[in-house]
Amino acid sequence: MSFQNRKSGARPGDRLLIKGGKVVNDDQSFYADVYVEDGTVRQIGENLLVPPGVRTVDAYGQLVIPGGVDANTCLLAPQRGVRPADDLYHATRAALSGGTTTIMDHVLVEPGASPLAAFQQWREGAELRACCDHTPHLDISRWHEGLQEELEALVKDRGVNSFLFFMAYKDRCQSSDSQLYEAFGVLRDLGAIAQVHAENGDIIDEEQRKLLSVGITGPEGHVLSHPEEVETEAVYRAITIAKQANCPLYVTKVMSKSAADVIAKARKKGMVVYGEPITAGLATDGSHYWSKDWATAAAFVMSPPLNPDPSTPQYLTSLLACGDLQVASSAHASFSTAQKAVGKDDFTLIPEGTNGIEERMSVVWDRGVSTGKMDENEFVAVTSTNAAKLFNMYPRKGRIAVGSDADIVIWNPKETRTVSAQTHNLTVELNILEGVELRGVASVVISNGRVVLEDGVLSAVEGAGRFVARKAFPDAAYRRIRARSKMAEARGVPRGNYDGPVHDVISMTRSVPPTPTSRGPPCPKTQTGPRNLHQSGFTLAGAQVDDHIPRRSTQRIVAPPGGRSNITSLS
């Protein structure tokens, strides 16, 4: 794995000694000091020998955890030509304030565009603007065989090991089942992770037309046209295709109970599939789509939509806590009210996306740890380590260990914060979690060995983030894929040649007349004038199939259907 700094000669990270905290990884917790130098963890333990002049960071009574890894953001991907209001600078700045030090951003490859060109354009923008480390997923909107060569170059030479395919957005981005099967096979051979946006695009398209035809144009039409079942069906179908292709599958934005259950059941059967709930889905529900205020309702529009069932957030949190879902992301794509208003007269035109990058880690702590559903180690796993392992960034990311990147958060489990658009670090004027009080806050954030948040002061630097290259074949997924490949190899059954009788099918087929190309024989002449209804093409003349059966001259009817009658014979 290579980690490249955009600026040659960039200033090294600070020398820091984090004292008195409880170090928490996904598998263990222990009290120790941590010494950081030049952006790397150098020592962990007690009574460390450090150079003079080292800056001490007080962590007494708090947790020292790996910086968060947000595995799903959409900071540049346009929605019908509209780009998110919070770009790679504003959004990564907000990410750092919430404890996230690495983002994985989705890059949309427009139909007909080059994936390599889309990647290069994104990387150049990220290196100029991003405040924290960054790495992309590529979203393929049109699959065809010609993409295979470019995908291979991206995996082998550019450090990209994950690609997303859409099962929704008919006539724009939607892939067919056969395309998914072919693409998953290619990704398996390249050692990449297949991702899906799982919704049945055909049904959604029909439902949208139906709702618009009866005059439903507001944001409530969005959730009505995306019923829970279209997500559930698509998740099941994607898992089936991935299983047959023997390719690891990552389902983004799991928003409903039934879709989460499909993933949980598949994993219990041994399938290599991963599920991702997001900030919004863990913190709130879809009742807001019926808000009387159009701007408020539109702020919640995203796909799949938030589920109207108010018990869904708790249910998803429970599955995240027990390991049936694995990664908590934000799917951050924030649009201003004016941008959302592009669809003021047609809900299908509302740009889809919500905020969540800044609140993600506090939401997981508040809903999961504070309620007793998960412990501190599981918190680290779902907010950092699992994503780092799955996408091959571990242990440089997602762990506090000697040699790991100095992306560290000092987490105060007792502090609370109230979400407000007046105080968040985004540019949008609405926050879907407005007024929500969250327990658990990042008090100090260290990114690449530099303190970027302390005492409530955020000092993120534009362009300070580094591009993170990821190797193919991550062990977290491909260890099982390799084993399944060996077990699934097709083997013929050794047997002798059959020398018994063979039914003569060919001779029978010769007597069958060829199937006509039209529904009936061609008419010998054109009918003119009124049709004679007494004439018919049906006739009993000529040989019949039952001529060999002797005919009886008379037959007495004993009890005909409908009762007796005075008819005694038929001649």
# chains A, B, ... in the order shown; residues from 1 in each chain; ligands from 1
call {"tool": "select_by_dssp", "arguments": {"residues": "range 37-269 of chain A", "states": "alpha helix (DSSP H)", "output": "number ranges by chain"}}
result
A: 88-98, 115-129, 148-157, 177-190, 201-213, 220-224, 228-245, 257-268
call {"tool": "residues_around", "arguments": {"residues": "Asp14 in chain A", "least_positions_apart": "3", "cutoff": "7 Å", "atoms": "only C-alpha atoms", "output": "list in words"}}
result
Glu37, Asp38, Gly449 and Arg450 of chain A
call {"tool": "residues_around", "arguments": {"residues": "Gly440 in chain A", "least_positions_apart": "3", "cutoff": "10 Å", "atoms": "only C-alpha atoms", "output": "PyMOL selection string"}}
result
chain A and resi 361-366+369-370+411-417+437+443
call {"tool": "write_last_selection", "arguments": {"atoms": "N, CA, C and O atoms", "output": "mmCIF file, in the first residue's frame"}}
result
data_model
loop_
_atom_site.group_PDB
_atom_site.id
_atom_site.type_symbol
_atom_site.label_atom_id
_atom_site.label_comp_id
_atom_site.auth_asym_id
_atom_site.auth_seq_id
_atom_site.Cartn_x
_atom_site.Cartn_y
_atom_site.Cartn_z
ATOM 1 N N MET A 361 -19.831 9.782 13.614
ATOM 2 C CA MET A 361 -19.266 9.046 14.741
ATOM 3 C C MET A 361 -20.037 9.304 16.036
ATOM 4 O O MET A 361 -20.243 8.386 16.839
ATOM 5 N N SER A 362 -20.506 10.514 16.228
ATOM 6 C CA SER A 362 -21.308 10.805 17.427
ATOM 7 C C SER A 362 -22.643 10.075 17.384
ATOM 8 O O SER A 362 -23.148 9.623 18.421
ATOM 9 N N VAL A 363 -23.238 9.952 16.197
ATOM 10 C CA VAL A 363 -24.509 9.225 16.060
ATOM 11 C C VAL A 363 -24.311 7.756 16.433
ATOM 12 O O VAL A 363 -25.119 7.172 17.180
ATOM 13 N N VAL A 364 -23.239 7.137 15.950
ATOM 14 C CA VAL A 364 -22.996 5.727 16.253
ATOM 15 C C VAL A 364 -22.749 5.536 17.741
ATOM 16 O O VAL A 364 -23.261 4.582 18.357
ATOM 17 N N TRP A 365 -21.983 6.442 18.360
ATOM 18 C CA TRP A 365 -21.733 6.327 19.802
ATOM 19 C C TRP A 365 -23.034 6.513 20.581
ATOM 20 O O TRP A 365 -23.345 5.726 21.485
ATOM 21 N N ASP A 366 -23.792 7.530 20.225
ATOM 22 C CA ASP A 366 -25.022 7.825 20.964
ATOM 23 C C ASP A 366 -26.042 6.706 20.813
ATOM 24 O O ASP A 366 -26.641 6.265 21.801
ATOM 25 N N VAL A 369 -23.340 2.824 21.574
ATOM 26 C CA VAL A 369 -22.593 2.603 22.808
ATOM 27 C C VAL A 369 -23.358 3.126 24.017
ATOM 28 O O VAL A 369 -23.477 2.431 25.041
ATOM 29 N N SER A 370 -23.893 4.330 23.938
ATOM 30 C CA SER A 370 -24.595 4.923 25.081
ATOM 31 C C SER A 370 -25.843 4.127 25.471
ATOM 32 O O SER A 370 -26.284 4.174 26.618
ATOM 33 N N TRP A 411 -11.379 10.827 22.230
ATOM 34 C CA TRP A 411 -12.836 10.794 22.265
ATOM 35 C C TRP A 411 -13.339 10.958 23.696
ATOM 36 O O TRP A 411 -12.939 10.216 24.588
ATOM 37 N N ASN A 412 -14.207 11.945 23.876
ATOM 38 C CA ASN A 412 -14.789 12.186 25.195
ATOM 39 C C ASN A 412 -16.184 11.564 25.234
ATOM 40 O O ASN A 412 -17.129 12.106 24.660
ATOM 41 N N PRO A 413 -16.357 10.428 25.921
ATOM 42 C CA PRO A 413 -17.657 9.755 25.926
ATOM 43 C C PRO A 413 -18.712 10.463 26.770
ATOM 44 O O PRO A 413 -19.905 10.175 26.634
ATOM 45 N N LYS A 414 -18.287 11.387 27.611
ATOM 46 C CA LYS A 414 -19.221 12.060 28.514
ATOM 47 C C LYS A 414 -19.737 13.385 27.954
ATOM 48 O O LYS A 414 -20.773 13.885 28.382
ATOM 49 N N GLU A 415 -19.031 13.931 27.002
ATOM 50 C CA GLU A 415 -19.439 15.227 26.450
ATOM 51 C C GLU A 415 -20.614 15.041 25.488
ATOM 52 O O GLU A 415 -20.751 14.015 24.827
ATOM 53 N N THR A 416 -21.466 16.065 25.419
ATOM 54 C CA THR A 416 -22.603 16.029 24.496
ATOM 55 C C THR A 416 -22.538 17.220 23.552
ATOM 56 O O THR A 416 -21.873 18.220 23.831
ATOM 57 N N ARG A 417 -23.249 17.086 22.436
ATOM 58 C CA ARG A 417 -23.344 18.181 21.480
ATOM 59 C C ARG A 417 -24.753 18.178 20.902
ATOM 60 O O ARG A 417 -25.402 17.146 20.781
ATOM 61 N N GLU A 437 -29.646 15.942 20.253
ATOM 62 C CA GLU A 437 -28.525 15.930 21.197
ATOM 63 C C GLU A 437 -27.819 14.589 21.123
ATOM 64 O O GLU A 437 -28.444 13.531 21.216
ATOM 65 N N SER A 443 -12.845 15.379 21.097
ATOM 66 C CA SER A 443 -12.309 16.578 21.756
ATOM 67 C C SER A 443 -10.992 17.028 21.129
ATOM 68 O O SER A 443 -10.686 18.221 21.084
#
call {"tool": "select_by_dssp", "arguments": {"residues": "range 184-246 of chain A", "states": "strand (DSSP E)", "output": "count of residues only"}}
result
5
call {"tool": "closest_atom_pairs", "arguments": {"of": "range 77-164 of chain A", "to": "range 340-346 of chain A", "cutoff": "12 Å", "atoms": "only C-alpha atoms", "output": "JSON lines"}}
result
{"residue": "A:Gln79", "atom": "CA", "partner": "A:Lys340", "partner_atom": "CA", "distance": 10.2}
{"residue": "A:Arg80", "atom": "CA", "partner": "A:Val342", "partner_atom": "CA", "distance": 9.8}
{"residue": "A:Gly81", "atom": "CA", "partner": "A:Val342", "partner_atom": "CA", "distance": 10.7}
{"residue": "A:Val82", "atom": "CA", "partner": "A:Val342", "partner_atom": "CA", "distance": 9.2}
{"residue": "A:Arg83", "atom": "CA", "partner": "A:Lys340", "partner_atom": "CA", "distance": 11.0}
{"residue": "A:Pro84", "atom": "CA", "partner": "A:Lys340", "partner_atom": "CA", "distance": 10.2}
{"residue": "A:Ala85", "atom": "CA", "partner": "A:Lys340", "partner_atom": "CA", "distance": 10.5}
call {"tool": "write_last_selection", "arguments": {"atoms": "C-alpha atoms", "output": "JSON list (two decimals), in the first residue's frame"}}
result
[["chain", "number", "residue", "atom", "x", "y", "z"],
["A", 79, "GLN", "CA", -27.06, 14.95, -9.57],
["A", 80, "ARG", "CA", -28.68, 15.83, -12.90],
["A", 81, "GLY", "CA", -25.93, 18.36, -13.49],
["A", 82, "VAL", "CA", -26.03, 19.83, -9.94],
["A", 83, "ARG", "CA", -22.90, 19.37, -7.84],
["A", 84, "PRO", "CA", -23.09, 19.15, -4.02],
["A", 85, "ALA", "CA", -22.86, 22.44, -2.14]]
call {"tool": "atom_distance", "arguments": {"atom1": "CA of Val262 in chain A", "atom2": "CA of Thr232 in chain A"}}
result
7.2 Å
call {"tool": "closest_atom_pairs", "arguments": {"of": "range 327-429 of chain A", "to": "range 18-35 of chain A", "cutoff": "7 Å", "atoms": "only C-alpha atoms", "output": "JSON lines"}}
result
{"residue": "A:Asn377", "atom": "CA", "partner": "A:Asp26", "partner_atom": "CA", "distance": 4.4}
{"residue": "A:Glu378", "atom": "CA", "partner": "A:Asp26", "partner_atom": "CA", "distance": 6.0}
{"residue": "A:Val380", "atom": "CA", "partner": "A:Asp26", "partner_atom": "CA", "distance": 5.3}
{"residue": "A:Ala381", "atom": "CA", "partner": "A:Asp26", "partner_atom": "CA", "distance": 4.9}
{"residue": "A:Thr385", "atom": "CA", "partner": "A:Asp26", "partner_atom": "CA", "distance": 6.6}
{"residue": "A:Arg399", "atom": "CA", "partner": "A:Asn25", "partner_atom": "CA", "distance": 6.0}
{"residue": "A:Ile400", "atom": "CA", "partner": "A:Asn25", "partner_atom": "CA", "distance": 6.6}
call {"tool": "residues_around", "arguments": {"residues": "Glu358 in chain A", "least_positions_apart": "4", "cutoff": "9 Å", "atoms": "only C-alpha atoms", "output": "PDB file with N, CA, C and O atoms, in the first residue's frame"}}
result
ATOM      1  N   ALA A  91     -16.532  19.718   3.061  1.00  0.00           N
ATOM      2  CA  ALA A  91     -16.983  18.454   3.639  1.00  0.00           C
ATOM      3  C   ALA A  91     -15.869  17.765   4.430  1.00  0.00           C
ATOM      4  O   ALA A  91     -16.127  17.198   5.499  1.00  0.00           O
ATOM      5  N   THR A  92     -14.637  17.772   3.932  1.00  0.00           N
ATOM      6  CA  THR A  92     -13.551  17.133   4.681  1.00  0.00           C
ATOM      7  C   THR A  92     -13.202  17.930   5.928  1.00  0.00           C
ATOM      8  O   THR A  92     -12.776  17.355   6.936  1.00  0.00           O
ATOM      9  N   ARG A  93     -13.402  19.219   5.869  1.00  0.00           N
ATOM     10  CA  ARG A  93     -13.219  20.040   7.077  1.00  0.00           C
ATOM     11  C   ARG A  93     -14.232  19.628   8.142  1.00  0.00           C
ATOM     12  O   ARG A  93     -13.889  19.466   9.326  1.00  0.00           O
ATOM     13  N   ALA A  94     -15.482  19.448   7.715  1.00  0.00           N
ATOM     14  CA  ALA A  94     -16.516  18.997   8.640  1.00  0.00           C
ATOM     15  C   ALA A  94     -16.227  17.583   9.142  1.00  0.00           C
ATOM     16  O   ALA A  94     -16.484  17.260  10.308  1.00  0.00           O
ATOM     17  N   ALA A  95     -15.686  16.742   8.262  1.00  0.00           N
ATOM     18  CA  ALA A  95     -15.351  15.368   8.655  1.00  0.00           C
ATOM     19  C   ALA A  95     -14.352  15.368   9.800  1.00  0.00           C
ATOM     20  O   ALA A  95     -14.514  14.643  10.796  1.00  0.00           O
ATOM     21  N   LEU A  96     -13.310  16.177   9.681  1.00  0.00           N
ATOM     22  CA  LEU A  96     -12.298  16.249  10.729  1.00  0.00           C
ATOM     23  C   LEU A  96     -12.887  16.718  12.050  1.00  0.00           C
ATOM     24  O   LEU A  96     -12.535  16.205  13.117  1.00  0.00           O
ATOM     25  N   SER A  97     -13.804  17.653  12.004  1.00  0.00           N
ATOM     26  CA  SER A  97     -14.389  18.154  13.244  1.00  0.00           C
ATOM     27  C   SER A  97     -15.190  17.081  13.970  1.00  0.00           C
ATOM     28  O   SER A  97     -15.370  17.155  15.191  1.00  0.00           O
ATOM     29  N   GLY A  98     -15.653  16.075  13.226  1.00  0.00           N
ATOM     30  CA  GLY A  98     -16.404  14.997  13.859  1.00  0.00           C
ATOM     31  C   GLY A  98     -15.581  13.770  14.182  1.00  0.00           C
ATOM     32  O   GLY A  98     -16.107  12.794  14.727  1.00  0.00           O
ATOM     33  N   GLY A  99     -14.296  13.767  13.829  1.00  0.00           N
ATOM     34  CA  GLY A  99     -13.429  12.644  14.155  1.00  0.00           C
ATOM     35  C   GLY A  99     -13.074  11.743  12.988  1.00  0.00           C
ATOM     36  O   GLY A  99     -12.389  10.736  13.160  1.00  0.00           O
ATOM     37  N   THR A 100     -13.506  12.077  11.778  1.00  0.00           N
ATOM     38  CA  THR A 100     -13.171  11.287  10.597  1.00  0.00           C
ATOM     39  C   THR A 100     -11.913  11.850   9.947  1.00  0.00           C
ATOM     40  O   THR A 100     -11.853  13.041   9.632  1.00  0.00           O
ATOM     41  N   SER A 330     -21.496   7.712   6.002  1.00  0.00           N
ATOM     42  CA  SER A 330     -22.366   8.900   6.031  1.00  0.00           C
ATOM     43  C   SER A 330     -23.158   9.070   4.735  1.00  0.00           C
ATOM     44  O   SER A 330     -24.231   9.665   4.755  1.00  0.00           O
ATOM     45  N   SER A 362     -20.506  10.514  16.228  1.00  0.00           N
ATOM     46  CA  SER A 362     -21.308  10.805  17.427  1.00  0.00           C
ATOM     47  C   SER A 362     -22.643  10.075  17.384  1.00  0.00           C
ATOM     48  O   SER A 362     -23.148   9.623  18.421  1.00  0.00           O
ATOM     49  N   HIS A 424     -22.834  23.970  12.578  1.00  0.00           N
ATOM     50  CA  HIS A 424     -22.080  22.925  11.868  1.00  0.00           C
ATOM     51  C   HIS A 424     -21.079  23.559  10.897  1.00  0.00           C
ATOM     52  O   HIS A 424     -21.135  24.757  10.607  1.00  0.00           O
ATOM     53  N   ASN A 425     -20.167  22.743  10.404  1.00  0.00           N
ATOM     54  CA  ASN A 425     -19.071  23.231   9.562  1.00  0.00           C
ATOM     55  C   ASN A 425     -19.351  23.055   8.074  1.00  0.00           C
ATOM     56  O   ASN A 425     -18.426  22.964   7.263  1.00  0.00           O
ATOM     57  N   LEU A 426     -20.625  23.051   7.717  1.00  0.00           N
ATOM     58  CA  LEU A 426     -21.034  22.932   6.323  1.00  0.00           C
ATOM     59  C   LEU A 426     -21.575  24.257   5.824  1.00  0.00           C
ATOM     60  O   LEU A 426     -21.825  25.179   6.605  1.00  0.00           O
TER      61      LEU A 426
END
call {"tool": "atom_distance", "arguments": {"atom1": "CA of Val402 in chain A", "atom2": "CA of Leu453 in chain A"}}
result
22.7 Å
call {"tool": "closest_residue", "arguments": {"among": "A:Gly61, A:Pro474, A:Gly323, A:Gly281", "to": "Arg267 in chain A", "atoms": "only C-alpha atoms"}}
result
A:Gly323
call {"tool": "closest_residue", "arguments": {"among": "A:Val327, A:Met167, A:Ile278, A:Val419", "to": "Leu433 in chain A", "atoms": "only C-alpha atoms"}}
result
A:Val419
call {"tool": "closest_residue", "arguments": {"among": "A:Arg470, A:Lys292, A:His222, A:Lys170", "to": "Pro136 in chain A", "atoms": "only C-alpha atoms"}}
result
A:Arg470
